[in-house]
file my_file_16.csv (CSV, C-alpha atoms and all ligand atoms)
chain,number,residue,atom,x,y,z
A,1,MET,CA,141.9,-68.9,71.6
A,2,SER,CA,138.5,-67.8,70.7
A,3,VAL,CA,136.3,-65.6,72.8
A,4,ASP,CA,133.8,-67.4,75.1
A,5,THR,CA,133.6,-64.9,78.0
A,6,ILE,CA,132.6,-61.3,78.7
A,7,VAL,CA,133.8,-59.7,81.8
A,8,LEU,CA,132.2,-56.6,83.2
A,9,HIS,CA,134.0,-54.0,85.3
A,10,VAL,CA,133.6,-50.6,87.0
A,11,MET,CA,136.3,-48.2,86.0
A,12,ALA,CA,137.0,-46.6,89.4
A,13,GLY,CA,137.0,-43.3,87.6
A,14,THR,CA,135.7,-41.3,84.7
A,15,LEU,CA,135.5,-42.2,81.0
A,16,ALA,CA,138.0,-39.4,80.2
A,17,GLY,CA,140.4,-40.6,82.9
A,18,THR,CA,140.1,-44.1,81.6
A,19,ASP,CA,140.9,-43.0,78.0
A,20,ALA,CA,144.1,-41.4,79.3
A,21,TRP,CA,145.0,-44.3,81.5
A,22,PHE,CA,144.6,-47.0,78.8
A,23,SER,CA,146.4,-44.9,76.2
A,24,SER,CA,149.4,-44.7,78.5
A,25,LYS,CA,151.5,-47.8,77.9
A,26,LYS,CA,152.8,-47.6,81.5
A,27,SER,CA,149.5,-48.6,82.9
A,28,GLY,CA,149.9,-52.3,81.8
A,29,VAL,CA,146.2,-52.8,81.8
A,30,SER,CA,143.7,-52.4,79.0
A,31,THR,CA,140.2,-53.3,78.1
A,32,HIS,CA,138.2,-53.6,74.9
A,33,TYR,CA,135.4,-51.2,75.7
A,34,GLY,CA,134.4,-48.4,78.1
A,35,ILE,CA,130.9,-47.1,78.6
A,36,GLY,CA,130.2,-43.6,80.1
A,37,TYR,CA,127.3,-42.6,82.3
A,38,ASN,CA,125.8,-40.9,79.2
A,39,GLY,CA,125.9,-44.1,77.3
A,40,GLU,CA,129.0,-43.1,75.3
A,41,LEU,CA,130.9,-46.1,74.1
A,42,HIS,CA,134.7,-46.1,73.6
A,43,GLN,CA,136.7,-48.9,72.1
A,44,TYR,CA,140.4,-49.3,73.2
A,45,VAL,CA,141.4,-52.7,72.0
A,46,ASP,CA,140.2,-54.8,69.0
A,47,GLU,CA,138.2,-57.8,70.0
A,48,SER,CA,140.6,-60.0,68.2
A,49,ASP,CA,143.4,-58.8,70.5
A,50,THR,CA,144.0,-59.8,74.1
A,51,ALA,CA,143.3,-57.0,76.6
A,52,TYR,CA,144.7,-57.1,80.2
A,53,HIS,CA,141.6,-56.6,82.4
A,54,ALA,CA,140.7,-59.8,84.2
A,55,GLY,CA,143.8,-60.4,86.3
A,56,SER,CA,144.6,-63.8,84.7
A,57,LEU,CA,146.2,-64.4,81.3
A,58,VAL,CA,144.0,-67.5,80.7
A,59,THR,CA,140.8,-65.4,81.3
A,60,ASN,CA,142.2,-62.4,79.3
A,61,ARG,CA,142.9,-64.5,76.3
A,62,ARG,CA,139.4,-65.8,76.0
A,63,SER,CA,137.4,-62.8,77.1
A,64,ILE,CA,136.2,-59.4,76.1
A,65,GLY,CA,136.4,-56.7,78.8
A,66,ILE,CA,133.9,-53.9,79.3
A,67,GLU,CA,134.5,-51.1,81.7
A,68,HIS,CA,131.8,-48.8,83.1
A,69,GLU,CA,132.4,-45.3,84.2
A,70,GLY,CA,131.9,-44.9,87.9
A,71,LYS,CA,133.4,-45.6,91.3
A,72,HIS,CA,132.3,-46.7,94.7
A,73,PRO,CA,131.9,-43.6,96.8
A,74,ASP,CA,132.1,-45.3,100.1
A,75,TRP,CA,132.8,-49.0,99.8
A,76,PRO,CA,131.3,-51.3,101.1
A,77,THR,CA,128.2,-49.2,102.2
A,78,GLY,CA,128.1,-46.9,99.1
A,79,TYR,CA,128.8,-48.5,95.8
A,80,TRP,CA,128.5,-47.8,92.1
A,81,ILE,CA,125.2,-48.2,90.5
A,82,PRO,CA,124.9,-47.8,86.7
A,83,ASN,CA,122.3,-45.4,85.4
A,84,TYR,CA,119.7,-46.1,82.8
A,85,GLN,CA,121.7,-44.9,79.7
A,86,GLN,CA,124.8,-46.6,80.8
A,87,LEU,CA,123.1,-49.9,81.5
A,88,ALA,CA,121.1,-49.7,78.2
A,89,LYS,CA,124.3,-49.3,76.2
A,90,SER,CA,126.0,-52.1,78.2
A,91,HIS,CA,123.1,-54.5,77.5
A,92,ALA,CA,123.1,-53.6,73.8
A,93,LEU,CA,126.9,-54.1,73.5
A,94,VAL,CA,126.8,-57.4,75.3
A,95,VAL,CA,123.9,-58.7,73.2
A,96,ASP,CA,125.8,-57.7,70.0
A,97,ILE,CA,128.9,-59.5,71.2
A,98,LEU,CA,127.0,-62.6,72.3
A,99,GLN,CA,125.2,-62.8,68.9
A,100,ARG,CA,128.4,-62.4,66.9
A,101,TYR,CA,130.2,-65.2,68.9
A,102,ARG,CA,127.0,-67.3,69.2
A,103,LEU,CA,127.0,-67.4,72.9
A,104,ASP,CA,124.2,-67.1,75.6
A,105,ALA,CA,124.1,-64.9,78.7
A,106,SER,CA,125.8,-67.6,80.8
A,107,HIS,CA,129.1,-66.4,79.3
A,108,VAL,CA,128.8,-63.0,81.0
A,109,PHE,CA,130.5,-62.5,84.3
A,110,GLY,CA,131.3,-59.7,86.7
A,111,HIS,CA,135.0,-59.3,87.3
A,112,GLY,CA,134.5,-60.5,90.9
A,113,GLU,CA,133.1,-63.8,89.6
A,114,VAL,CA,136.2,-64.7,87.7
A,115,ALA,CA,138.8,-63.2,90.1
A,116,ASN,CA,139.2,-62.2,93.7
A,117,LYS,CA,137.9,-58.7,93.1
A,118,PRO,CA,134.7,-58.1,95.1
A,119,THR,CA,134.7,-54.4,94.5
A,120,CYS,CA,134.5,-54.9,90.7
A,121,PRO,CA,131.9,-54.3,89.6
A,122,GLY,CA,130.4,-54.6,93.1
A,123,PRO,CA,126.8,-55.3,94.2
A,124,GLY,CA,125.4,-52.2,92.4
A,125,LEU,CA,125.4,-54.3,89.2
A,126,ASN,CA,123.0,-57.1,89.8
A,127,MET,CA,124.4,-59.8,87.6
A,128,MET,CA,121.3,-62.1,87.8
A,129,GLN,CA,119.1,-59.2,86.6
A,130,TYR,CA,121.7,-58.2,84.0
A,131,LYS,CA,121.8,-61.6,82.5
A,132,GLN,CA,118.0,-61.9,82.5
A,133,VAL,CA,117.7,-58.7,80.5
A,134,VAL,CA,120.3,-59.9,78.0
A,135,THR,CA,118.6,-63.3,77.7
A,136,ASN,CA,115.3,-61.5,76.9
A,137,MET,CA,117.0,-59.3,74.4
A,138,LEU,CA,118.6,-62.3,72.6
A,139,LEU,CA,115.3,-64.1,72.6
A,140,GLN,CA,113.5,-61.0,71.1
A,141,ALA,CA,116.2,-60.7,68.4
A,142,SER,CA,116.1,-64.3,67.4
A,143,ARG,CA,112.3,-64.3,66.8
A,144,PRO,CA,111.4,-64.5,63.1
A,145,LYS,CA,110.3,-61.1,61.9
A,146,ASP,CA,106.7,-60.6,60.7
A,147,SER,CA,106.6,-60.6,56.9
A,148,LEU,CA,104.7,-57.5,55.7
A,149,LYS,CA,104.0,-59.1,52.4
A,150,ASP,CA,102.1,-62.0,54.1
A,151,LYS,CA,100.2,-59.6,56.3
A,152,GLU,CA,99.2,-57.6,53.4
A,153,ALA,CA,97.7,-60.7,51.7
A,154,THR,CA,95.7,-61.8,54.8
A,155,ASN,CA,94.8,-58.5,56.4
A,156,ALA,CA,94.3,-56.3,53.4
A,157,ASP,CA,91.2,-54.6,54.8
A,158,SER,CA,93.0,-53.3,57.9
A,159,ILE,CA,96.1,-51.9,56.3
A,160,SER,CA,96.7,-48.2,56.2
A,161,LEU,CA,99.6,-46.3,54.8
A,162,VAL,CA,100.7,-43.0,56.2
A,163,PHE,CA,103.1,-40.7,54.5
A,164,GLY,CA,105.1,-37.9,56.1
A,165,ILE,CA,107.4,-35.6,54.3
A,166,GLY,CA,110.1,-33.5,56.0
A,167,ALA,CA,111.7,-30.6,54.2
A,168,THR,CA,115.4,-30.3,53.7
A,169,THR,CA,117.6,-27.4,52.5
A,170,ASP,CA,117.1,-28.5,48.9
A,171,PRO,CA,113.4,-27.8,47.9
A,172,MET,CA,113.4,-30.9,45.7
A,173,VAL,CA,114.9,-33.2,48.3
A,174,MET,CA,112.6,-34.6,50.9
A,175,GLU,CA,112.8,-36.9,53.9
A,176,VAL,CA,110.0,-39.5,53.6
A,177,ASN,CA,108.4,-41.2,56.6
A,178,LEU,CA,106.3,-44.2,55.8
A,179,GLU,CA,104.1,-45.9,58.3
A,180,ILE,CA,102.2,-49.1,57.6
A,181,ARG,CA,99.5,-50.0,60.1
A,182,ILE,CA,98.2,-53.5,60.0
A,183,GLY,CA,95.6,-54.4,62.6
A,184,ASN,CA,97.0,-53.0,65.9
A,185,LYS,CA,100.7,-53.1,64.8
A,186,THR,CA,102.6,-50.3,63.2
A,187,TYR,CA,105.7,-50.7,61.0
A,188,LYS,CA,107.8,-47.6,60.4
A,189,THR,CA,110.6,-46.6,58.0
A,190,ASN,CA,112.4,-43.4,57.2
A,191,ILE,CA,113.9,-42.7,53.9
A,192,LYS,CA,116.4,-39.9,53.8
A,193,ASP,CA,117.3,-37.7,50.8
A,194,VAL,CA,114.6,-38.7,48.4
A,195,LYS,CA,115.0,-36.5,45.3
A,196,PHE,CA,111.9,-35.5,43.4
A,197,GLU,CA,111.8,-34.4,39.8
A,198,GLU,CA,109.2,-32.4,38.1
A,199,GLU,CA,107.4,-34.3,35.4
A,200,GLU,CA,107.9,-33.0,31.9
A,301,ZN,ZN,137.5,-55.2,87.1

call {"tool": "encode", "arguments": {"input": "my_file_16.csv", "output": "structure tokens"}}
result
Amino acid sequence: MSVDTIVLHVMAGTLAGTDAWFSSKKSGVSTHYGIGYNGELHQYVDESDTAYHAGSLVTNRRSIGIEHEGKHPDWPTGYWIPNYQQLAKSHALVVDILQRYRLDASHVFGHGEVANKPTCPGPGLNMMQYKQVVTNMLLQASRPKDSLKDKEATNADSISLVFGIGATTDPMVMEVNLEIRIGNKTYKTNIKDVKFEEEE
């Protein structure tokens, strides 16, 4: 069965603890990804393989599971809330998955929405808000990119080019930063390891 669902979880523990738990065959549970408070991303199971995270084989077979480091300090009054880095990585990962499987944000669920599991991920992860952010990111990514070439032709008078050169350990190898400013927009690129040669 192909993937049409993403299920979000809270780990009830640390990323390190989860690494150990999932690598132990005895645990009987698994998930595809884990995200730490520092935004660190660990993968445990290939997306093409079924992970056992959602409590039902039907859901497991069609879903990708993402765990987040954290636990509820005092359920139900104190509960896990993701921090900025963790949430940013989670959004980016989910957007990447949705794009690859050509899905929209309506395919993303909290564990508690697909199983009787109210503590996972709990009210600290606002699913409405989460899906809104993901929808905006998908929309942003699907917009056609500005063509610099066209801009150049129509706004030739307002283009400026900025060079920056960073030294490396080799005196003839440079890191080049290029900035093109057209109107009020700036486009940047960075080219590493550019080797210069002295002209004969
Ligand atoms: Zn869960």

call {"tool": "closest_residue", "arguments": {"input": "my_file_16.csv", "among": "A:Leu93, A:Leu125, A:Leu139, A:Leu8", "to": "ligand ZN 301 (chain A)", "atoms": "all atoms listed in the file"}}
result
A:Leu8

call {"tool": "atom_distance", "arguments": {"input": "my_file_16.csv", "atom1": "atom CA of A:Met174", "atom2": "atom CA of A:Tyr187"}}
result
20.2 Å

call {"tool": "residues_around", "arguments": {"input": "my_file_16.csv", "residues": "stretch 42-55 of chain A", "least_positions_apart": "6", "cutoff": "8 Å", "atoms": "all atoms listed in the file", "output": "JSON list (two decimals) with C-alpha atoms, in the frame of the given file"}}
result
[["chain", "number", "residue", "atom", "x", "y", "z"],
["A", 7, "VAL", "CA", 133.80, -59.70, 81.80],
["A", 19, "ASP", "CA", 140.90, -43.00, 78.00],
["A", 22, "PHE", "CA", 144.60, -47.00, 78.80],
["A", 28, "GLY", "CA", 149.90, -52.30, 81.80],
["A", 29, "VAL", "CA", 146.20, -52.80, 81.80],
["A", 30, "SER", "CA", 143.70, -52.40, 79.00],
["A", 31, "THR", "CA", 140.20, -53.30, 78.10],
["A", 32, "HIS", "CA", 138.20, -53.60, 74.90],
["A", 33, "TYR", "CA", 135.40, -51.20, 75.70],
["A", 34, "GLY", "CA", 134.40, -48.40, 78.10],
["A", 35, "ILE", "CA", 130.90, -47.10, 78.60],
["A", 61, "ARG", "CA", 142.90, -64.50, 76.30],
["A", 62, "ARG", "CA", 139.40, -65.80, 76.00],
["A", 63, "SER", "CA", 137.40, -62.80, 77.10],
["A", 64, "ILE", "CA", 136.20, -59.40, 76.10],
["A", 65, "GLY", "CA", 136.40, -56.70, 78.80],
["A", 111, "HIS", "CA", 135.00, -59.30, 87.30],
["A", 114, "VAL", "CA", 136.20, -64.70, 87.70],
["A", 115, "ALA", "CA", 138.80, -63.20, 90.10]]

call {"tool": "closest_residue", "arguments": {"input": "my_file_16.csv", "among": "A:Met127, A:Ile191, A:Val10, A:Ala92", "to": "ligand ZN 301 (chain A)", "atoms": "only C-alpha atoms and all ligand atoms"}}
result
A:Val10

call {"tool": "closest_residue", "arguments": {"input": "my_file_16.csv", "among": "A:Ile180, A:Ile97, A:Ile6, A:Leu15", "to": "ligand ZN 301 (chain A)", "atoms": "only C-alpha atoms and all ligand atoms"}}
result
A:Ile6

call {"tool": "closest_residue", "arguments": {"input": "my_file_16.csv", "among": "A:Glu67, A:Glu199, A:Asp4, A:Glu179", "to": "ligand ZN 301 (chain A)", "atoms": "all atoms listed in the file"}}
result
A:Glu67

call {"tool": "residues_around", "arguments": {"input": "my_file_16.csv", "residues": "A:Val173", "least_positions_apart": "6", "cutoff": "10 Å", "atoms": "all atoms listed in the file", "output": "JSON, numbers by chain"}}
result
{"A": [165, 166, 167, 192, 193, 194, 195, 196, 197]}

call {"tool": "closest_residue", "arguments": {"input": "my_file_16.csv", "among": "A:Cys120, A:Val176, A:Leu138, A:Leu41", "to": "ligand ZN 301 (chain A)", "atoms": "all atoms listed in the file"}}
result
A:Cys120

call {"tool": "residues_around", "arguments": {"input": "my_file_16.csv", "residues": "A:Asn83", "least_positions_apart": "5", "cutoff": "12 Å", "atoms": "all atoms listed in the file", "output": "MDAnalysis selection string"}}
result
chainID A and resid 35:39 68:70 88:90 124:125

call {"tool": "residues_around", "arguments": {"input": "my_file_16.csv", "residues": "A:Lys131", "least_positions_apart": "6", "cutoff": "10 Å", "atoms": "all atoms listed in the file", "output": "MDAnalysis selection string"}}
result
chainID A and resid 91 94:95 104:109 137

call {"tool": "write_last_selection", "arguments": {"input": "my_file_16.csv", "atoms": "C-alpha atoms", "output": "mmCIF file, in the frame of the given file"}}
result
data_model
loop_
_atom_site.group_PDB
_atom_site.id
_atom_site.type_symbol
_atom_site.label_atom_id
_atom_site.label_comp_id
_atom_site.auth_asym_id
_atom_site.auth_seq_id
_atom_site.Cartn_x
_atom_site.Cartn_y
_atom_site.Cartn_z
ATOM 1 C CA HIS A 91 123.100 -54.500 77.500
ATOM 2 C CA VAL A 94 126.800 -57.400 75.300
ATOM 3 C CA VAL A 95 123.900 -58.700 73.200
ATOM 4 C CA ASP A 104 124.200 -67.100 75.600
ATOM 5 C CA ALA A 105 124.100 -64.900 78.700
ATOM 6 C CA SER A 106 125.800 -67.600 80.800
ATOM 7 C CA HIS A 107 129.100 -66.400 79.300
ATOM 8 C CA VAL A 108 128.800 -63.000 81.000
ATOM 9 C CA PHE A 109 130.500 -62.500 84.300
ATOM 10 C CA MET A 137 117.000 -59.300 74.400
#

call {"tool": "atom_distance", "arguments": {"input": "my_file_16.csv", "atom1": "atom CA of A:Thr5", "atom2": "atom CA of A:Pro118"}}
result
18.4 Å
